file model35.cif (mmCIF, C-alpha atoms)
data_coords
#
loop_
_atom_site.label_atom_id
_atom_site.label_comp_id
_atom_site.auth_asym_id
_atom_site.auth_seq_id
_atom_site.Cartn_x
_atom_site.Cartn_y
_atom_site.Cartn_z
CA GLU A 14 37.89 25.37 21.81
CA GLU A 15 38.70 28.59 23.78
CA ALA A 16 39.79 31.92 22.30
CA GLY A 17 43.46 31.96 21.24
CA GLY A 18 43.70 28.45 19.69
CA ALA A 19 42.91 24.77 20.26
CA ALA A 20 43.35 23.46 23.80
CA GLU A 21 45.24 20.28 24.65
CA PRO A 22 42.99 17.37 25.73
CA GLY A 23 44.06 17.63 29.36
CA GLU A 24 43.53 21.37 29.42
CA LEU A 25 40.14 20.94 27.73
CA LEU A 26 39.07 18.51 30.45
CA ARG A 27 40.17 20.92 33.19
CA GLN A 28 38.18 23.68 31.52
CA ARG A 29 35.07 21.52 31.36
CA LEU A 30 35.42 20.46 34.99
CA ALA A 31 35.81 24.09 35.98
CA HIS A 32 32.33 24.71 34.51
CA PRO A 33 30.22 21.68 35.54
CA GLU A 34 27.03 23.40 34.39
CA ARG A 35 28.36 23.19 30.80
CA CYS A 36 28.95 19.47 31.21
CA MET A 37 25.41 18.96 32.48
CA LEU A 38 24.03 20.99 29.59
CA LEU A 39 25.94 18.91 27.05
CA LEU A 40 24.89 15.64 28.70
CA SER A 41 21.25 16.76 28.82
CA PHE A 42 21.33 17.78 25.17
CA GLY A 43 22.88 14.45 24.19
CA PHE A 44 20.23 12.58 26.16
CA PHE A 45 17.51 14.66 24.47
CA LEU A 46 18.84 13.77 21.02
CA SER A 47 18.98 10.05 21.90
CA VAL A 48 15.44 10.01 23.26
CA THR A 49 14.16 11.99 20.27
CA ALA A 50 15.76 9.56 17.82
CA LEU A 51 14.25 6.61 19.70
CA ALA A 52 10.85 8.28 19.78
CA MET A 53 11.01 8.96 16.06
CA HIS A 54 11.76 5.28 15.45
CA ASP A 55 9.00 4.14 17.80
CA ASP A 56 6.58 6.59 16.17
CA ARG A 57 6.36 4.47 13.02
CA VAL A 58 3.23 2.37 12.50
CA PRO A 59 3.86 -1.02 10.81
CA VAL A 60 0.80 -1.59 8.61
CA PHE A 61 0.18 -5.02 7.07
CA SER A 62 -1.61 -4.68 3.71
CA PHE A 63 -3.41 -7.70 2.25
CA GLY A 64 -5.92 -6.03 -0.07
CA SER A 65 -5.53 -3.15 -2.50
CA ASN A 66 -3.01 -1.13 -0.45
CA SER A 67 0.07 -2.11 -2.44
CA CYS A 68 3.21 -0.02 -2.39
CA GLN A 69 1.97 1.82 -5.49
CA GLN A 70 -1.47 2.53 -4.09
CA LEU A 71 -0.02 3.77 -0.81
CA ARG A 72 2.35 6.07 -2.70
CA GLY A 73 -0.63 7.60 -4.48
CA ARG A 74 -2.87 7.89 -1.43
CA LEU A 75 -0.18 9.25 0.87
CA GLU A 76 1.55 11.36 -1.82
CA ASP A 77 4.88 9.78 -0.91
CA PRO A 78 6.79 8.53 -3.98
CA SER A 79 9.65 7.28 -1.78
CA LEU A 80 7.48 4.94 0.30
CA GLU A 81 8.68 1.32 0.36
CA VAL A 82 7.19 -1.90 1.66
CA VAL A 83 8.52 -5.28 2.75
CA PRO A 84 6.90 -8.56 1.61
CA ALA A 85 5.15 -10.17 4.57
CA VAL A 86 3.11 -13.21 5.57
CA LEU A 87 0.44 -13.26 8.27
CA ARG A 88 -0.31 -16.75 9.61
CA GLY A 89 -3.53 -17.90 11.25
CA TRP A 90 -5.75 -15.61 9.15
CA THR A 91 -7.43 -15.81 5.75
CA ARG A 92 -8.64 -13.13 3.34
CA VAL A 93 -12.35 -12.81 2.57
CA PHE A 94 -14.47 -10.10 0.92
CA SER A 95 -17.20 -8.18 2.67
CA ALA A 96 -19.41 -5.09 2.54
CA HIS A 97 -20.00 -3.01 -0.59
CA SER A 98 -17.63 -0.14 -1.34
CA GLN A 99 -18.98 2.63 -3.57
CA GLY A 100 -15.43 3.56 -4.55
CA TRP A 101 -14.53 0.08 -5.79
CA GLY A 102 -18.01 -1.04 -6.81
CA GLY A 103 -18.09 -4.26 -4.78
CA GLY A 104 -16.83 -6.01 -1.69
CA CYS A 105 -13.44 -5.25 -0.16
CA ALA A 106 -10.97 -7.45 1.67
CA THR A 107 -10.85 -8.20 5.35
CA LEU A 108 -9.25 -10.95 7.43
CA VAL A 109 -10.88 -13.61 9.57
CA PRO A 110 -9.10 -16.14 11.80
CA GLU A 111 -8.29 -19.52 10.26
CA PRO A 112 -5.62 -21.52 12.15
CA GLU A 113 -4.02 -23.35 9.21
CA ALA A 114 -4.23 -20.49 6.72
CA HIS A 115 -1.87 -17.64 5.83
CA VAL A 116 -2.15 -14.38 3.91
CA LEU A 117 0.45 -12.86 1.57
CA GLY A 118 0.90 -9.12 1.68
CA SER A 119 3.32 -6.39 2.65
CA VAL A 120 4.28 -4.18 5.57
CA ALA A 121 4.75 -0.43 5.28
CA MET A 122 6.34 1.58 8.09
CA LEU A 123 4.13 4.65 8.16
CA SER A 124 4.45 7.78 10.22
CA ARG A 125 1.57 8.43 12.59
CA ASP A 126 0.38 11.24 10.32
CA GLN A 127 0.42 8.91 7.31
CA ALA A 128 -1.47 6.23 9.25
CA GLU A 129 -4.13 8.79 10.18
CA VAL A 130 -4.49 9.78 6.51
CA LEU A 131 -4.86 6.10 5.61
CA ASP A 132 -7.50 5.77 8.33
CA THR A 133 -9.66 8.24 6.40
CA PHE A 134 -9.38 6.17 3.22
CA GLU A 135 -10.37 3.05 5.16
CA GLY A 136 -13.36 4.64 6.87
CA VAL A 137 -12.07 4.18 10.42
CA PRO A 138 -13.89 3.56 12.75
CA HIS A 139 -17.20 2.90 10.98
CA ILE A 140 -16.18 0.64 8.08
CA TYR A 141 -12.76 -0.61 9.13
CA ARG A 142 -11.01 -0.51 12.47
CA ARG A 143 -7.38 -0.97 13.37
CA HIS A 144 -6.56 -4.49 14.53
CA THR A 145 -3.37 -4.78 16.56
CA GLY A 146 -1.48 -7.38 18.56
CA VAL A 147 -0.64 -9.74 15.69
CA ARG A 148 2.79 -10.70 14.40
CA ALA A 149 3.72 -10.98 10.73
CA GLU A 150 6.77 -12.54 9.06
CA LEU A 151 8.79 -10.01 7.08
CA HIS A 152 10.69 -11.46 4.12
CA ARG A 153 13.51 -9.06 3.29
CA GLY A 154 15.19 -11.11 0.59
CA GLU A 155 16.85 -14.36 -0.37
CA GLY A 156 19.33 -15.72 2.14
CA ARG A 157 17.75 -13.87 5.06
CA GLU A 158 15.63 -15.51 7.71
CA PRO A 159 12.07 -14.18 8.07
CA GLU A 160 11.82 -11.49 10.73
CA GLU A 161 8.82 -11.31 13.05
CA MET A 162 7.24 -7.95 13.76
CA GLU A 163 4.08 -6.86 15.54
CA VAL A 164 1.84 -5.16 12.99
CA MET A 165 -1.51 -3.46 12.57
CA PHE A 166 -4.03 -4.24 9.86
CA TYR A 167 -7.44 -2.91 8.93
CA ARG A 168 -10.34 -5.23 9.69
CA LYS A 169 -13.97 -4.81 8.63
CA VAL A 170 -16.39 -3.81 11.38
CA HIS A 171 -19.32 -5.68 9.81
CA LEU A 172 -19.11 -8.99 7.96
CA GLU A 173 -21.30 -10.01 5.03
CA ASP A 174 -20.91 -11.72 1.68
CA GLU A 175 -20.08 -9.26 -1.10
CA LYS A 176 -18.40 -10.12 -4.39
CA PRO A 177 -15.53 -7.75 -5.25
CA SER A 178 -15.23 -5.91 -8.55
CA THR A 179 -12.60 -6.88 -11.08
CA SER A 180 -10.88 -3.53 -10.56
CA TYR A 181 -10.48 -4.29 -6.86
CA LEU A 182 -9.30 -7.83 -7.57
CA GLN A 183 -6.71 -6.38 -9.96
CA ALA A 184 -5.41 -4.20 -7.12
CA VAL A 185 -5.31 -7.16 -4.72
CA PHE A 186 -3.56 -9.32 -7.30
CA TRP A 187 -0.97 -6.60 -7.89
CA ASN A 188 -0.23 -6.27 -4.17
CA GLU A 189 0.22 -10.01 -3.75
CA ARG A 190 2.16 -10.67 -6.95
CA SER A 191 4.46 -7.64 -6.63
CA ASN A 192 5.65 -8.88 -3.26
CA PHE A 193 5.69 -12.62 -4.06
CA PRO A 194 6.35 -12.86 -7.82
CA ASP A 195 6.98 -16.62 -7.62
CA ASN A 196 3.46 -17.21 -6.39
CA THR A 197 1.38 -18.29 -9.39
CA ALA A 198 -1.86 -19.09 -7.56
CA PRO A 199 -4.97 -17.12 -8.52
CA ILE A 200 -6.85 -15.05 -5.96
CA GLN A 201 -9.31 -17.10 -3.92
CA VAL A 202 -12.55 -15.10 -3.81
CA ARG A 203 -14.65 -15.96 -0.76
CA GLY A 204 -17.33 -13.99 1.01
CA ALA A 205 -16.97 -13.19 4.70
CA LEU A 206 -19.92 -15.44 5.54
CA GLY A 207 -18.83 -18.35 3.37
CA ALA A 208 -19.97 -17.58 -0.18
CA ASP A 209 -17.60 -19.05 -2.77
CA TYR A 210 -17.04 -16.81 -5.79
CA GLY A 211 -14.33 -19.00 -7.31
CA VAL A 212 -10.85 -17.78 -8.23
CA TRP A 213 -9.56 -14.82 -10.22
CA SER A 214 -6.52 -13.96 -12.31
CA PRO A 215 -6.15 -10.94 -14.61
CA PRO A 216 -7.34 -11.51 -18.18
CA PRO A 217 -5.30 -10.18 -21.14
CA PRO A 218 -5.31 -6.36 -21.02
CA ARG A 219 -7.58 -5.88 -24.07
CA SER A 220 -10.13 -8.25 -22.52
CA MET A 221 -10.39 -6.27 -19.28
CA ASP A 222 -13.37 -4.15 -18.40
CA LEU A 223 -12.54 -0.45 -18.33
CA ARG A 224 -12.15 -0.02 -14.58
CA CYS A 225 -10.00 -3.10 -14.23
CA PHE A 226 -7.70 -1.79 -16.97
CA LEU A 227 -7.51 1.72 -15.49
CA THR A 228 -6.57 0.19 -12.13
CA ARG A 229 -3.79 -1.73 -13.86
CA LEU A 230 -2.69 1.47 -15.61
CA SER A 231 -2.52 3.44 -12.36
CA LEU A 232 -0.44 0.75 -10.69
CA GLU A 233 2.21 1.00 -13.41
CA LEU A 234 2.46 4.80 -13.37
CA PRO A 235 5.56 6.45 -11.83
CA GLN A 236 3.13 8.53 -9.74
CA PRO A 237 -0.05 6.47 -9.22
CA TRP A 238 -3.49 8.04 -9.03
CA VAL A 239 -5.40 8.35 -5.77
CA MET A 240 -7.37 5.14 -5.90
CA PRO A 241 -10.14 4.32 -6.44
CA HIS A 242 -11.49 7.86 -6.79
CA ASP A 243 -9.31 9.02 -9.70
CA MET A 244 -9.96 5.77 -11.53
CA GLN A 245 -13.74 6.09 -11.18
CA ARG A 246 -13.68 9.73 -12.32
CA LYS A 247 -11.65 8.90 -15.42
CA ALA A 248 -13.82 5.85 -16.18
CA ALA A 249 -17.00 7.95 -16.04
CA THR A 250 -15.48 10.53 -18.42
CA LEU A 251 -14.41 7.82 -20.86
CA GLU A 252 -17.77 6.04 -20.74
CA ALA A 253 -19.58 9.30 -21.44
CA ALA A 254 -17.46 9.56 -24.61
CA GLY A 255 -18.36 6.03 -25.69
CA VAL A 256 -15.17 4.36 -24.43
CA GLY A 257 -16.56 1.61 -22.21
CA SER A 258 -13.93 -1.13 -22.21
CA ALA A 259 -10.21 -1.68 -22.53
CA ALA A 260 -10.74 -2.77 -26.14
CA ALA A 261 -12.62 0.47 -26.87
CA LEU A 262 -9.84 2.45 -25.21
CA ALA A 263 -7.29 0.69 -27.40
CA ALA A 264 -9.32 1.64 -30.48
CA ALA A 265 -9.59 5.26 -29.36
CA LEU A 266 -5.85 5.45 -28.71
CA GLU A 267 -5.23 4.03 -32.19
CA GLY A 268 -7.69 6.41 -33.82
CA ALA A 269 -9.86 3.52 -34.99
CA GLY A 270 -13.65 3.44 -34.84
CA ASP A 271 -16.00 6.27 -33.89
CA ALA A 272 -14.96 6.78 -30.25
CA ARG A 273 -12.45 9.50 -29.48
CA LEU A 274 -10.41 10.01 -26.35
CA PRO A 275 -11.73 12.98 -24.34
CA ALA A 276 -9.24 15.78 -23.83
CA ASP A 277 -7.22 15.73 -20.60
CA VAL A 278 -8.60 12.43 -19.28
CA LEU A 279 -5.20 10.78 -19.77
CA SER A 280 -1.87 12.60 -20.04
CA GLU A 281 0.48 11.88 -22.92
CA GLY A 282 2.61 9.71 -20.64
CA GLU A 283 -0.47 7.81 -19.44
CA GLN A 284 -1.62 7.27 -23.02
CA GLU A 285 1.78 5.92 -24.02
CA LEU A 286 1.81 3.53 -21.05
CA ALA A 287 -1.75 2.44 -21.86
CA ARG A 288 -0.72 1.61 -25.44
CA ARG A 289 2.21 -0.42 -24.15
CA ILE A 290 0.07 -2.40 -21.70
CA LEU A 291 -2.67 -2.97 -24.28
CA SER A 292 -0.11 -4.41 -26.69
CA GLN A 293 0.74 -7.17 -24.21
CA PRO A 294 -0.90 -10.56 -24.80
CA GLY A 295 -1.58 -11.21 -21.14
CA ALA A 296 1.64 -11.18 -19.08
CA PRO A 297 1.04 -11.38 -15.33
CA ALA A 298 0.64 -7.90 -13.84
CA ALA A 299 2.98 -6.73 -11.12
CA ALA A 300 5.82 -9.16 -11.75
CA GLY A 301 8.30 -6.30 -11.75
CA ALA A 302 6.60 -3.93 -9.34
CA THR A 303 8.47 -1.94 -6.73
CA SER A 304 8.74 -3.56 -3.32
CA ALA A 305 11.17 -3.06 -0.38
CA ALA A 306 5.03 -2.89 -2.12
CA ALA A 307 -11.91 7.85 1.75
CA ALA A 308 -14.47 6.48 3.77
CA ASP A 309 -15.67 3.73 1.49
CA GLY A 310 -13.34 1.27 3.19
CA GLN A 311 -10.72 -0.08 0.82
CA ALA A 312 -7.98 -1.94 2.72
#

call {"tool": "encode", "arguments": {"input": "model35.cif", "output": "structure tokens"}}
result
Amino acid sequence: EEAGGAAEPGELLRQRLAHPERCMLLLSFGFFLSVTALAMHDDRVPVFSFGSNSCQQLRGRLEDPSLEVVPAVLRGWTRVFSAHSQGWGGGCATLVPEPEAHVLGSVAMLSRDQAEVLDTFEGVPHIYRRHTGVRAELHRGEGREPEEMEVMFYRKVHLEDEKPSTSYLQAVFWNERSNFPDNTAPIQVRGALGADYGVWSPPPPRSMDLRCFLTRLSLELPQPWVMPHDMQRKAATLEAAGVGSAAALAAALEGAGDARLPADVLSEGEQELARRILSQPGAPAAAGATSAAAADGQA
């Protein structure tokens, strides 16, 4: 629009043609915007999570409450447990090739900055490394065909047999069940070198050990803790006060027995959620979880 009012379309064209440098500037700017938008899209890192990195855990670790995941299946691989993690107190998940197998998990589209933050949690490159060049099936909902996408996942650098802790298995179970709620199979617990540790499903909340229960609690919070570090810190504080199990925590929350809940270890909202979970007889964790789902190595 020129000074004095709006120009007719024909007049506007003549004005633009009279100043070709303006046309080139507009075209260049438009091209820049298109390329920038494409680059921003291509800048995302699709991360396949098969262990503890559920949607909730990623939200806590990356401090991104809006993060969403898509249920996904990776074929030709199987999940095993390897190498002790101090943070989780046992082995952590990795994948090894197995032609007839498949792994249930989720895919999160992370920014490159988020993926680099996650690298630090996974201990890249010494404990885990990024494994690329594989394609996962994304399951976006009923009535939609699975969509294939090339993804990255974290794979252990060294393989050994190491039994995982119940707190870690709770996190793995949550990730799998929150994305595939119809799957009723327990977690197969196998070492990376072939050890068979049987199968695992969550026990009733009051029967859980303390760290397993605190992991469950974090996964149900609106803003999850940074796992597993916050969980371990809270567990140590509770144990020092004589609260060493989920049953003892229930008693402390109810004011029964000698143990008392230390100040500030759990917020009022966390205490209320803990009471609610502890009142459950043993409903499967993660059935209603959100899904669109440091250097100790905790994929």

call {"tool": "closest_residue", "arguments": {"input": "model35.cif", "among": "A:Leu279, A:Cys68, A:Met162, A:Ala85", "to": "A:Val116", "atoms": "all atoms listed in the file"}}
result
A:Ala85

call {"tool": "resolve_selection", "arguments": {"input": "model35.cif", "expression": "the PyMOL selection byres ((chain A and resi 218) around 12)", "output": "compact mmCIF listing (two decimals) with C-alpha atoms, in the frame of the given file"}}
result
# COMPACT_ATOMS: atom_id res chain seq x y z
CA GLN A 183 -6.71 -6.38 -9.96
CA SER A 214 -6.52 -13.96 -12.31
CA PRO A 215 -6.15 -10.94 -14.61
CA PRO A 216 -7.34 -11.51 -18.18
CA PRO A 217 -5.30 -10.18 -21.14
CA ARG A 219 -7.58 -5.88 -24.07
CA SER A 220 -10.13 -8.25 -22.52
CA MET A 221 -10.39 -6.27 -19.28
CA ASP A 222 -13.37 -4.15 -18.40
CA LEU A 223 -12.54 -0.45 -18.33
CA ARG A 224 -12.15 -0.02 -14.58
CA CYS A 225 -10.00 -3.10 -14.23
CA PHE A 226 -7.70 -1.79 -16.97
CA LEU A 227 -7.51 1.72 -15.49
CA THR A 228 -6.57 0.19 -12.13
CA ARG A 229 -3.79 -1.73 -13.86
CA LEU A 230 -2.69 1.47 -15.61
CA SER A 258 -13.93 -1.13 -22.21
CA ALA A 259 -10.21 -1.68 -22.53
CA ALA A 260 -10.74 -2.77 -26.14
CA ALA A 261 -12.62 0.47 -26.87
CA LEU A 262 -9.84 2.45 -25.21
CA ALA A 263 -7.29 0.69 -27.40
CA ALA A 287 -1.75 2.44 -21.86
CA ARG A 288 -0.72 1.61 -25.44
CA ARG A 289 2.21 -0.42 -24.15
CA ILE A 290 0.07 -2.40 -21.70
CA LEU A 291 -2.67 -2.97 -24.28
CA SER A 292 -0.11 -4.41 -26.69
CA GLN A 293 0.74 -7.17 -24.21
CA PRO A 294 -0.90 -10.56 -24.80
CA GLY A 295 -1.58 -11.21 -21.14
CA ALA A 296 1.64 -11.18 -19.08
CA PRO A 297 1.04 -11.38 -15.33
CA ALA A 298 0.64 -7.90 -13.84

call {"tool": "closest_residue", "arguments": {"input": "model35.cif", "among": "A:Ser79, A:Asn192, A:Gln236, A:Ser95", "to": "A:Ser62", "atoms": "all atoms listed in the file"}}
result
A:Asn192

call {"tool": "resolve_selection", "arguments": {"input": "model35.cif", "expression": "the PyMOL selection byres ((chain A and resi 108) around 7)", "output": "PDB file with C-alpha atoms, in the coordinates of the input"}}
result
ATOM      1  CA  TRP A  90      -5.750 -15.610   9.150  1.00  0.00           C
ATOM      2  CA  THR A  91      -7.430 -15.810   5.750  1.00  0.00           C
ATOM      3  CA  ARG A  92      -8.640 -13.130   3.340  1.00  0.00           C
ATOM      4  CA  VAL A  93     -12.350 -12.810   2.570  1.00  0.00           C
ATOM      5  CA  ALA A 106     -10.970  -7.450   1.670  1.00  0.00           C
ATOM      6  CA  THR A 107     -10.850  -8.200   5.350  1.00  0.00           C
ATOM      7  CA  VAL A 109     -10.880 -13.610   9.570  1.00  0.00           C
ATOM      8  CA  PRO A 110      -9.100 -16.140  11.800  1.00  0.00           C
ATOM      9  CA  ARG A 168     -10.340  -5.230   9.690  1.00  0.00           C
TER      10      ARG A 168
END

call {"tool": "closest_residue", "arguments": {"input": "model35.cif", "among": "A:His144, A:Gly156, A:Phe63, A:Glu173", "to": "A:Ile200", "atoms": "all atoms listed in the file"}}
result
A:Phe63

call {"tool": "atom_distance", "arguments": {"input": "model35.cif", "atom1": "atom CA of A:Ala198", "atom2": "atom CA of A:Glu175"}}
result
21.7 Å

call {"tool": "resolve_selection", "arguments": {"input": "model35.cif", "expression": "the PyMOL selection byres ((chain A and resi 121) around 8)", "output": "list in words"}}
result
Val58, Pro59, Val60, Phe61, Ser62, Cys68, Leu80, Glu81, Val82, Val83, Ser119, Val120, Met122, Leu123 and Ala306 of chain A

call {"tool": "closest_residue", "arguments": {"input": "model35.cif", "among": "A:Pro275, A:Gly73, A:Gly102, A:Pro138", "to": "A:Gln245", "atoms": "only C-alpha atoms"}}
result
A:Gly102
